[in-house]
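Pasting model.txt here (compact mmCIF, N, CA and C atoms and all ligand atoms):
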# COMPACT_ATOMS: atom_id res chain seq x y z
N MET K 3 -122.03 -24.32 -68.22
CA MET K 3 -123.06 -23.54 -67.52
C MET K 3 -123.55 -22.45 -68.48
N ALA K 4 -124.88 -22.21 -68.44
CA ALA K 4 -125.47 -21.21 -69.34
C ALA K 4 -124.86 -19.84 -69.03
N ASN K 5 -124.91 -18.97 -70.05
CA ASN K 5 -124.47 -17.59 -69.80
C ASN K 5 -125.23 -17.02 -68.62
N LEU K 6 -124.58 -16.12 -67.95
CA LEU K 6 -125.18 -15.54 -66.74
C LEU K 6 -126.59 -15.00 -67.02
N SER K 7 -126.76 -14.33 -68.15
CA SER K 7 -128.07 -13.68 -68.40
C SER K 7 -129.17 -14.69 -68.63
N GLN K 8 -128.80 -15.92 -69.04
CA GLN K 8 -129.81 -16.95 -69.29
C GLN K 8 -130.15 -17.75 -68.03
N GLN K 9 -129.39 -17.52 -66.97
CA GLN K 9 -129.66 -18.30 -65.76
C GLN K 9 -130.90 -17.74 -65.05
N THR K 10 -131.48 -18.58 -64.21
CA THR K 10 -132.75 -18.22 -63.57
C THR K 10 -132.51 -17.58 -62.21
N CYS K 11 -133.18 -16.47 -62.01
CA CYS K 11 -133.13 -15.85 -60.68
C CYS K 11 -133.88 -16.75 -59.70
N GLU K 12 -133.31 -16.86 -58.50
CA GLU K 12 -134.07 -17.60 -57.49
C GLU K 12 -134.78 -16.59 -56.59
N ALA K 13 -135.89 -17.02 -56.03
CA ALA K 13 -136.62 -16.13 -55.13
C ALA K 13 -135.68 -15.74 -53.99
N CYS K 14 -135.53 -14.44 -53.82
CA CYS K 14 -134.57 -13.97 -52.83
C CYS K 14 -135.24 -13.92 -51.46
N SER K 15 -134.71 -14.67 -50.54
CA SER K 15 -135.30 -14.64 -49.19
C SER K 15 -134.30 -14.02 -48.23
N ILE K 16 -134.82 -13.64 -47.06
CA ILE K 16 -134.01 -12.88 -46.11
C ILE K 16 -132.80 -13.68 -45.62
N ASP K 17 -132.92 -15.02 -45.71
CA ASP K 17 -131.78 -15.82 -45.26
C ASP K 17 -130.93 -16.33 -46.43
N ALA K 18 -131.16 -15.77 -47.62
CA ALA K 18 -130.34 -16.17 -48.77
C ALA K 18 -128.89 -15.72 -48.53
N PRO K 19 -127.95 -16.53 -49.00
CA PRO K 19 -126.54 -16.17 -48.78
C PRO K 19 -126.07 -15.07 -49.73
N ARG K 20 -125.22 -14.18 -49.22
CA ARG K 20 -124.59 -13.23 -50.12
C ARG K 20 -123.52 -13.99 -50.92
N VAL K 21 -123.16 -13.46 -52.09
CA VAL K 21 -122.12 -14.11 -52.90
C VAL K 21 -120.79 -14.02 -52.16
N SER K 22 -119.97 -15.03 -52.37
CA SER K 22 -118.63 -15.06 -51.77
C SER K 22 -117.66 -14.26 -52.66
N GLU K 23 -116.47 -14.01 -52.13
CA GLU K 23 -115.46 -13.31 -52.95
C GLU K 23 -115.15 -14.11 -54.23
N GLU K 24 -115.12 -15.44 -54.07
CA GLU K 24 -114.82 -16.28 -55.24
C GLU K 24 -115.94 -16.18 -56.27
N GLU K 25 -117.18 -16.20 -55.79
CA GLU K 25 -118.31 -16.08 -56.72
C GLU K 25 -118.29 -14.72 -57.41
N ILE K 26 -117.99 -13.66 -56.67
CA ILE K 26 -117.90 -12.33 -57.27
C ILE K 26 -116.87 -12.36 -58.40
N ALA K 27 -115.72 -12.92 -58.13
CA ALA K 27 -114.66 -12.97 -59.16
C ALA K 27 -115.12 -13.76 -60.38
N GLN K 28 -115.85 -14.85 -60.13
CA GLN K 28 -116.35 -15.69 -61.25
C GLN K 28 -117.41 -14.95 -62.06
N TYR K 29 -118.43 -14.43 -61.38
CA TYR K 29 -119.55 -13.79 -62.10
C TYR K 29 -119.10 -12.49 -62.77
N LYS K 30 -118.18 -11.79 -62.14
CA LYS K 30 -117.74 -10.48 -62.65
C LYS K 30 -117.13 -10.61 -64.05
N GLN K 31 -116.61 -11.79 -64.37
CA GLN K 31 -116.00 -12.01 -65.69
C GLN K 31 -117.02 -11.82 -66.81
N ASP K 32 -118.31 -12.10 -66.49
CA ASP K 32 -119.35 -11.97 -67.52
C ASP K 32 -119.86 -10.54 -67.64
N ILE K 33 -119.53 -9.71 -66.64
CA ILE K 33 -120.04 -8.33 -66.66
C ILE K 33 -118.89 -7.37 -66.34
N PRO K 34 -117.85 -7.38 -67.17
CA PRO K 34 -116.62 -6.62 -66.86
C PRO K 34 -116.80 -5.11 -66.76
N GLU K 35 -117.86 -4.56 -67.39
CA GLU K 35 -118.04 -3.10 -67.36
C GLU K 35 -118.67 -2.61 -66.06
N TRP K 36 -119.11 -3.56 -65.23
CA TRP K 36 -119.79 -3.16 -63.98
C TRP K 36 -118.77 -2.99 -62.85
N GLN K 37 -119.06 -2.01 -61.99
CA GLN K 37 -118.20 -1.76 -60.83
C GLN K 37 -118.87 -2.32 -59.58
N ILE K 38 -118.04 -2.78 -58.66
CA ILE K 38 -118.55 -3.16 -57.33
C ILE K 38 -118.36 -1.93 -56.45
N VAL K 39 -119.44 -1.40 -55.90
CA VAL K 39 -119.34 -0.24 -55.01
C VAL K 39 -119.93 -0.62 -53.66
N GLU K 40 -119.53 0.10 -52.62
CA GLU K 40 -120.09 -0.15 -51.30
C GLU K 40 -120.69 1.14 -50.77
N ARG K 41 -121.98 1.10 -50.41
CA ARG K 41 -122.67 2.28 -49.88
C ARG K 41 -123.37 1.89 -48.59
N ASP K 42 -123.12 2.62 -47.54
CA ASP K 42 -123.71 2.31 -46.22
C ASP K 42 -123.48 0.85 -45.85
N GLY K 43 -122.29 0.35 -46.21
CA GLY K 43 -121.94 -1.02 -45.85
C GLY K 43 -122.58 -2.06 -46.74
N ILE K 44 -123.25 -1.63 -47.81
CA ILE K 44 -123.93 -2.57 -48.71
C ILE K 44 -123.19 -2.64 -50.04
N MET K 45 -122.77 -3.85 -50.41
CA MET K 45 -122.09 -4.06 -51.69
C MET K 45 -123.12 -3.99 -52.83
N GLN K 46 -122.75 -3.27 -53.89
CA GLN K 46 -123.68 -3.10 -55.00
C GLN K 46 -122.92 -3.21 -56.32
N LEU K 47 -123.69 -3.52 -57.37
CA LEU K 47 -123.14 -3.54 -58.73
C LEU K 47 -123.63 -2.29 -59.44
N GLU K 48 -122.73 -1.57 -60.10
CA GLU K 48 -123.17 -0.31 -60.74
C GLU K 48 -122.50 -0.11 -62.10
N ARG K 49 -123.26 0.42 -63.03
CA ARG K 49 -122.73 0.77 -64.35
C ARG K 49 -123.46 1.98 -64.88
N VAL K 50 -122.73 2.88 -65.56
CA VAL K 50 -123.32 4.05 -66.21
C VAL K 50 -123.40 3.77 -67.71
N PHE K 51 -124.62 3.89 -68.25
CA PHE K 51 -124.86 3.70 -69.68
C PHE K 51 -125.04 5.08 -70.31
N LYS K 52 -124.32 5.33 -71.42
CA LYS K 52 -124.38 6.63 -72.08
C LYS K 52 -125.32 6.60 -73.30
N PHE K 53 -126.02 7.71 -73.53
CA PHE K 53 -126.96 7.82 -74.66
C PHE K 53 -126.83 9.19 -75.31
N PRO K 54 -127.27 9.34 -76.58
CA PRO K 54 -127.10 10.64 -77.27
C PRO K 54 -128.07 11.72 -76.82
N ASN K 55 -129.11 11.31 -76.05
CA ASN K 55 -130.10 12.31 -75.63
C ASN K 55 -130.90 11.76 -74.45
N PHE K 56 -131.87 12.55 -74.00
CA PHE K 56 -132.66 12.12 -72.84
C PHE K 56 -133.67 11.06 -73.22
N GLN K 57 -134.26 11.19 -74.40
CA GLN K 57 -135.31 10.25 -74.81
C GLN K 57 -134.77 8.81 -74.84
N GLN K 58 -133.57 8.62 -75.39
CA GLN K 58 -133.03 7.26 -75.46
C GLN K 58 -132.66 6.76 -74.07
N ALA K 59 -132.23 7.68 -73.20
CA ALA K 59 -131.96 7.28 -71.81
C ALA K 59 -133.25 6.83 -71.14
N LEU K 60 -134.31 7.53 -71.42
CA LEU K 60 -135.62 7.20 -70.84
C LEU K 60 -136.14 5.87 -71.38
N ASP K 61 -135.98 5.65 -72.67
CA ASP K 61 -136.42 4.38 -73.28
C ASP K 61 -135.69 3.19 -72.64
N PHE K 62 -134.37 3.36 -72.45
CA PHE K 62 -133.56 2.31 -71.82
C PHE K 62 -134.03 2.06 -70.38
N THR K 63 -134.30 3.17 -69.69
CA THR K 63 -134.76 3.05 -68.30
C THR K 63 -136.02 2.19 -68.22
N TYR K 64 -136.93 2.44 -69.16
CA TYR K 64 -138.18 1.68 -69.15
C TYR K 64 -137.93 0.20 -69.40
N LYS K 65 -137.04 -0.11 -70.34
CA LYS K 65 -136.73 -1.51 -70.66
C LYS K 65 -136.13 -2.22 -69.45
N VAL K 66 -135.25 -1.54 -68.72
CA VAL K 66 -134.66 -2.14 -67.52
C VAL K 66 -135.74 -2.35 -66.47
N GLY K 67 -136.65 -1.39 -66.39
CA GLY K 67 -137.76 -1.54 -65.45
C GLY K 67 -138.62 -2.75 -65.78
N GLN K 68 -138.81 -2.99 -67.06
CA GLN K 68 -139.61 -4.15 -67.47
C GLN K 68 -138.92 -5.45 -67.08
N LEU K 69 -137.61 -5.55 -67.31
CA LEU K 69 -136.93 -6.82 -66.96
C LEU K 69 -136.90 -7.01 -65.44
N ALA K 70 -136.87 -5.89 -64.73
CA ALA K 70 -136.92 -5.98 -63.26
C ALA K 70 -138.28 -6.51 -62.80
N GLU K 71 -139.32 -6.00 -63.40
CA GLU K 71 -140.66 -6.47 -63.03
C GLU K 71 -140.82 -7.96 -63.35
N GLU K 72 -140.30 -8.37 -64.51
CA GLU K 72 -140.40 -9.80 -64.87
C GLU K 72 -139.70 -10.68 -63.85
N ALA K 73 -138.61 -10.17 -63.30
CA ALA K 73 -137.81 -10.97 -62.35
C ALA K 73 -138.22 -10.73 -60.91
N ASP K 74 -139.08 -9.74 -60.68
CA ASP K 74 -139.41 -9.29 -59.31
C ASP K 74 -138.15 -8.99 -58.52
N HIS K 75 -137.24 -8.35 -59.19
CA HIS K 75 -135.97 -7.94 -58.55
C HIS K 75 -135.62 -6.60 -59.19
N HIS K 76 -135.43 -5.57 -58.35
CA HIS K 76 -135.42 -4.21 -58.89
C HIS K 76 -134.14 -3.45 -58.59
N PRO K 77 -133.69 -2.65 -59.56
CA PRO K 77 -132.48 -1.84 -59.37
C PRO K 77 -132.83 -0.44 -58.89
N ALA K 78 -131.80 0.28 -58.56
CA ALA K 78 -131.93 1.74 -58.47
C ALA K 78 -131.58 2.26 -59.85
N LEU K 79 -132.37 3.23 -60.35
CA LEU K 79 -132.17 3.79 -61.69
C LEU K 79 -132.10 5.30 -61.58
N LEU K 80 -130.96 5.85 -62.02
CA LEU K 80 -130.85 7.32 -62.08
C LEU K 80 -130.79 7.70 -63.56
N THR K 81 -131.84 8.35 -64.02
CA THR K 81 -131.95 8.71 -65.44
C THR K 81 -131.68 10.20 -65.59
N GLU K 82 -130.66 10.51 -66.42
CA GLU K 82 -130.27 11.91 -66.65
C GLU K 82 -130.17 12.14 -68.15
N TRP K 83 -129.98 13.39 -68.56
CA TRP K 83 -129.82 13.64 -69.99
C TRP K 83 -128.57 12.88 -70.45
N GLY K 84 -128.74 11.94 -71.37
CA GLY K 84 -127.59 11.27 -71.98
C GLY K 84 -126.97 10.14 -71.19
N LYS K 85 -127.52 9.83 -70.00
CA LYS K 85 -126.96 8.69 -69.28
C LYS K 85 -127.94 8.13 -68.25
N VAL K 86 -127.75 6.84 -67.96
CA VAL K 86 -128.54 6.15 -66.94
C VAL K 86 -127.56 5.36 -66.06
N THR K 87 -127.67 5.60 -64.75
CA THR K 87 -126.87 4.83 -63.79
C THR K 87 -127.76 3.73 -63.23
N VAL K 88 -127.32 2.49 -63.42
CA VAL K 88 -128.08 1.32 -62.95
C VAL K 88 -127.31 0.68 -61.80
N THR K 89 -128.00 0.47 -60.68
CA THR K 89 -127.36 -0.12 -59.50
C THR K 89 -128.19 -1.30 -59.01
N TRP K 90 -127.54 -2.46 -58.92
CA TRP K 90 -128.23 -3.67 -58.48
C TRP K 90 -127.68 -4.13 -57.13
N TRP K 91 -128.55 -4.48 -56.25
CA TRP K 91 -128.21 -5.18 -55.02
C TRP K 91 -129.48 -5.81 -54.48
N SER K 92 -129.35 -6.67 -53.51
CA SER K 92 -130.52 -7.37 -52.96
C SER K 92 -130.89 -6.76 -51.62
N HIS K 93 -132.03 -6.08 -51.60
CA HIS K 93 -132.43 -5.33 -50.41
C HIS K 93 -132.54 -6.27 -49.20
N LYS K 94 -133.17 -7.44 -49.43
CA LYS K 94 -133.47 -8.32 -48.29
C LYS K 94 -132.21 -8.77 -47.55
N ILE K 95 -131.11 -8.96 -48.33
CA ILE K 95 -129.90 -9.45 -47.66
C ILE K 95 -128.84 -8.36 -47.51
N LYS K 96 -129.25 -7.12 -47.90
CA LYS K 96 -128.35 -5.97 -47.76
C LYS K 96 -126.96 -6.26 -48.35
N GLY K 97 -127.05 -6.81 -49.57
CA GLY K 97 -125.77 -7.12 -50.23
C GLY K 97 -126.01 -7.71 -51.60
N LEU K 98 -124.99 -8.41 -52.10
CA LEU K 98 -125.06 -8.96 -53.46
C LEU K 98 -125.43 -10.44 -53.44
N HIS K 99 -126.39 -10.78 -54.27
CA HIS K 99 -126.83 -12.16 -54.50
C HIS K 99 -126.55 -12.48 -55.97
N LYS K 100 -126.54 -13.75 -56.33
CA LYS K 100 -126.30 -14.12 -57.73
C LYS K 100 -127.32 -13.45 -58.64
N ASN K 101 -128.55 -13.26 -58.13
CA ASN K 101 -129.59 -12.58 -58.93
C ASN K 101 -129.10 -11.24 -59.47
N ASP K 102 -128.33 -10.52 -58.67
CA ASP K 102 -127.89 -9.19 -59.08
C ASP K 102 -126.95 -9.27 -60.29
N PHE K 103 -126.14 -10.32 -60.31
CA PHE K 103 -125.21 -10.51 -61.44
C PHE K 103 -125.99 -10.95 -62.69
N ILE K 104 -126.98 -11.80 -62.51
CA ILE K 104 -127.82 -12.25 -63.62
C ILE K 104 -128.53 -11.04 -64.24
N LEU K 105 -129.09 -10.19 -63.39
CA LEU K 105 -129.84 -9.05 -63.92
C LEU K 105 -128.92 -7.97 -64.49
N ALA K 106 -127.72 -7.85 -63.96
CA ALA K 106 -126.76 -6.93 -64.57
C ALA K 106 -126.41 -7.41 -65.98
N ALA K 107 -126.25 -8.71 -66.14
CA ALA K 107 -125.96 -9.27 -67.47
C ALA K 107 -127.14 -9.03 -68.41
N ARG K 108 -128.36 -9.19 -67.91
CA ARG K 108 -129.55 -8.92 -68.73
C ARG K 108 -129.65 -7.43 -69.08
N THR K 109 -129.22 -6.58 -68.15
CA THR K 109 -129.23 -5.14 -68.41
C THR K 109 -128.29 -4.81 -69.58
N ASP K 110 -127.14 -5.46 -69.61
CA ASP K 110 -126.20 -5.26 -70.73
C ASP K 110 -126.84 -5.65 -72.05
N GLU K 111 -127.65 -6.70 -72.04
CA GLU K 111 -128.32 -7.15 -73.27
C GLU K 111 -129.36 -6.14 -73.73
N VAL K 112 -130.03 -5.52 -72.79
CA VAL K 112 -131.03 -4.49 -73.13
C VAL K 112 -130.33 -3.28 -73.78
N ALA K 113 -129.13 -2.99 -73.31
CA ALA K 113 -128.41 -1.83 -73.84
C ALA K 113 -127.81 -2.11 -75.21
N ALA K 114 -127.60 -3.40 -75.50
CA ALA K 114 -126.89 -3.76 -76.74
C ALA K 114 -127.71 -3.38 -77.98
C1 LIG R 201 -142.22 -8.20 -52.15
C2 LIG R 201 -141.20 -8.19 -53.28
O1 LIG R 201 -141.22 -9.40 -53.95
C3 LIG R 201 -139.81 -8.04 -52.70
O2 LIG R 201 -139.77 -6.87 -51.90
C4 LIG R 201 -138.73 -7.92 -53.77
C5 LIG R 201 -138.96 -6.78 -54.74
N1 LIG R 201 -137.77 -6.43 -55.46
C6 LIG R 201 -136.55 -6.55 -54.89
N2 LIG R 201 -135.47 -6.06 -55.49
C7 LIG R 201 -134.25 -6.12 -54.93
N3 LIG R 201 -133.18 -5.58 -55.56
N4 LIG R 201 -134.09 -6.71 -53.74
C8 LIG R 201 -135.09 -7.26 -53.05
O3 LIG R 201 -134.88 -7.79 -51.94
C9 LIG R 201 -136.40 -7.23 -53.64
N5 LIG R 201 -137.47 -7.79 -53.08

So, in terms of structure tokens, how does the structure I just supplied come out?
Ligand SMILES: C[C@H](O)[C@H](O)[C@H]1CNC2=NC(N)=NC(=O)C2=N1
Amino acid sequence: MANLSQQTCEACSIDAPRVSEEEIAQYKQDIPEWQIVERDGIMQLERVFKFPNFQQALDFTYKVGQLAEEADHHPALLTEWGKVTVTWWSHKIKGLHKNDFILAARTDEVAA
């Protein structure tokens, strides 16, 4: 199977299934630096990326925004001096879909 980041996001519909515990365990292996967090009952993927200044944090933020637009799947982005917190989840299903893991893997590539 192709690396997670090379896989294709599927159009997320309101009746799309959330990932199972087994799928989480499988996909998480490709994105070990990401944390699974739960907010208001919604499972999310989150990672903090560190930078030497605000400008580089801002540049990274823009690149993540571009990959989100290409996929029509968008994260929450908190941009601060020297760091960016990226949080992925699927709004329509109020939880985690495989798309979120694919885009987290692509986010890691943008940071590399
Ligand atoms: C209309 C538009 O395609 C949808 O609202 C998309 C936009 N980006 C999205 N991003 C995320 N993370 N979840 C969604 O359900 C979602 N839906």

Residue neighbourhood Glu48 in chain K, 7 Å, only C-alpha atoms, exclusion window fewer than 5 positions, as an mmCIF file with N, CA and C atoms, keeping the file's coordinate frame:
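The result, stored in out-v2.cif:
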data_model
loop_
_atom_site.group_PDB
_atom_site.id
_atom_site.type_symbol
_atom_site.label_atom_id
_atom_site.label_comp_id
_atom_site.auth_asym_id
_atom_site.auth_seq_id
_atom_site.Cartn_x
_atom_site.Cartn_y
_atom_site.Cartn_z
ATOM 1 N N TRP K 36 -119.110 -3.560 -65.230
ATOM 2 C CA TRP K 36 -119.790 -3.160 -63.980
ATOM 3 C C TRP K 36 -118.770 -2.990 -62.850
ATOM 4 N N GLN K 37 -119.060 -2.010 -61.990
ATOM 5 C CA GLN K 37 -118.200 -1.760 -60.830
ATOM 6 C C GLN K 37 -118.870 -2.320 -59.580
ATOM 7 N N ILE K 38 -118.040 -2.780 -58.660
ATOM 8 C CA ILE K 38 -118.550 -3.160 -57.330
ATOM 9 C C ILE K 38 -118.360 -1.930 -56.450
ATOM 10 N N VAL K 39 -119.440 -1.400 -55.900
ATOM 11 C CA VAL K 39 -119.340 -0.240 -55.010
ATOM 12 C C VAL K 39 -119.930 -0.620 -53.660
ATOM 13 N N VAL K 88 -127.320 2.490 -63.420
ATOM 14 C CA VAL K 88 -128.080 1.320 -62.950
ATOM 15 C C VAL K 88 -127.310 0.680 -61.800
ATOM 16 N N THR K 89 -128.000 0.470 -60.680
ATOM 17 C CA THR K 89 -127.360 -0.120 -59.500
ATOM 18 C C THR K 89 -128.190 -1.300 -59.010
ATOM 19 N N TRP K 90 -127.540 -2.460 -58.920
ATOM 20 C CA TRP K 90 -128.230 -3.670 -58.480
ATOM 21 C C TRP K 90 -127.680 -4.130 -57.130
#

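CA of Glu24 in chain K sits 28.8 Å away from CA of Val86 in chain K.
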
List as an MDAnalysis selection string the protein and nucleic acid residues lying within 7 Å of ligand LIG 201 (chain R), with only N, CA and C atoms and all ligand atoms counted. chainID K and resid 14 73:78 90:96

So that all listed atoms of range 56-59 of chain K fit with 3 Å spare on each side, what axis-aligned box centre and edge lengths in Å, to one decimal, would you give as AutoDock Vina command-line options?
--center_x -133.6 --center_y 9.7 --center_z -73.3 --size_x 9.4 --size_y 11.8 --size_z 10.3

I'd like the interatomic distance between atom N of Glu82 in chain K and CA of Leu60 in chain K, to a tenth of an Å. 7.4 Å

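From CA of Gln46 in chain K back to CA of Ile16 in chain K, the distance works out to 16.8 Å.
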
What's the 7 Å shell around Ala59 in chain K, counting only C-alpha atoms, without same-chain residues fewer than 2 positions away, as a PyMOL selection string? chain K and resi 53+55-57+61-63+81+83-86

Quick one: residues within 5 Å of Thr87 in chain K, only N, CA and C atoms, excluding same-chain residues fewer than 5 positions away - as a PyMOL selection string? chain K and resi 49-51+79-80

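Nearest residue to Asn5 in chain K, choosing from K:Ala114, K:Val21, K:Ala107, K:Ile26 and counting all atoms listed in the file: K:Ala107.
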
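All residues in chain K with a DSSP state of strand (DSSP E), computed from the backbone, read Gln37, Ile38, Val39, Glu40, Arg41, Ile44, Met45, Gln46, Leu47, Glu48, Arg49, Val50, Phe51, Lys52, Ala78, Leu79, Leu80, Thr81, Glu82, Lys85, Val86, Thr87, Val88, Thr89 and Trp90 of chain K.
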
Can you tell me, as a PyMOL selection string, what residues are no more than 8 Å from Arg20 in chain K when counting only C-alpha atoms, ignoring any on the same chain fewer than 5 positions away? chain K and resi 95+97-100

Check range 40-99 of chain K with DSSP on the backbone and list each residue it calls alpha helix (DSSP H), as an MDAnalysis selection string. chainID K and resid 56:73

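When only N, CA and C atoms are used to measure the gap to Lys65 in chain K, the shortest distance among K:Glu40, K:Thr109, K:Ser22, K:Asp32 belongs to K:Thr109.
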
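Closest approach to Ile33 in chain K from the set K:Pro19, K:Tyr64, K:Ala70, K:Leu6 is made by K:Leu6, with distances taken over only C-alpha atoms.
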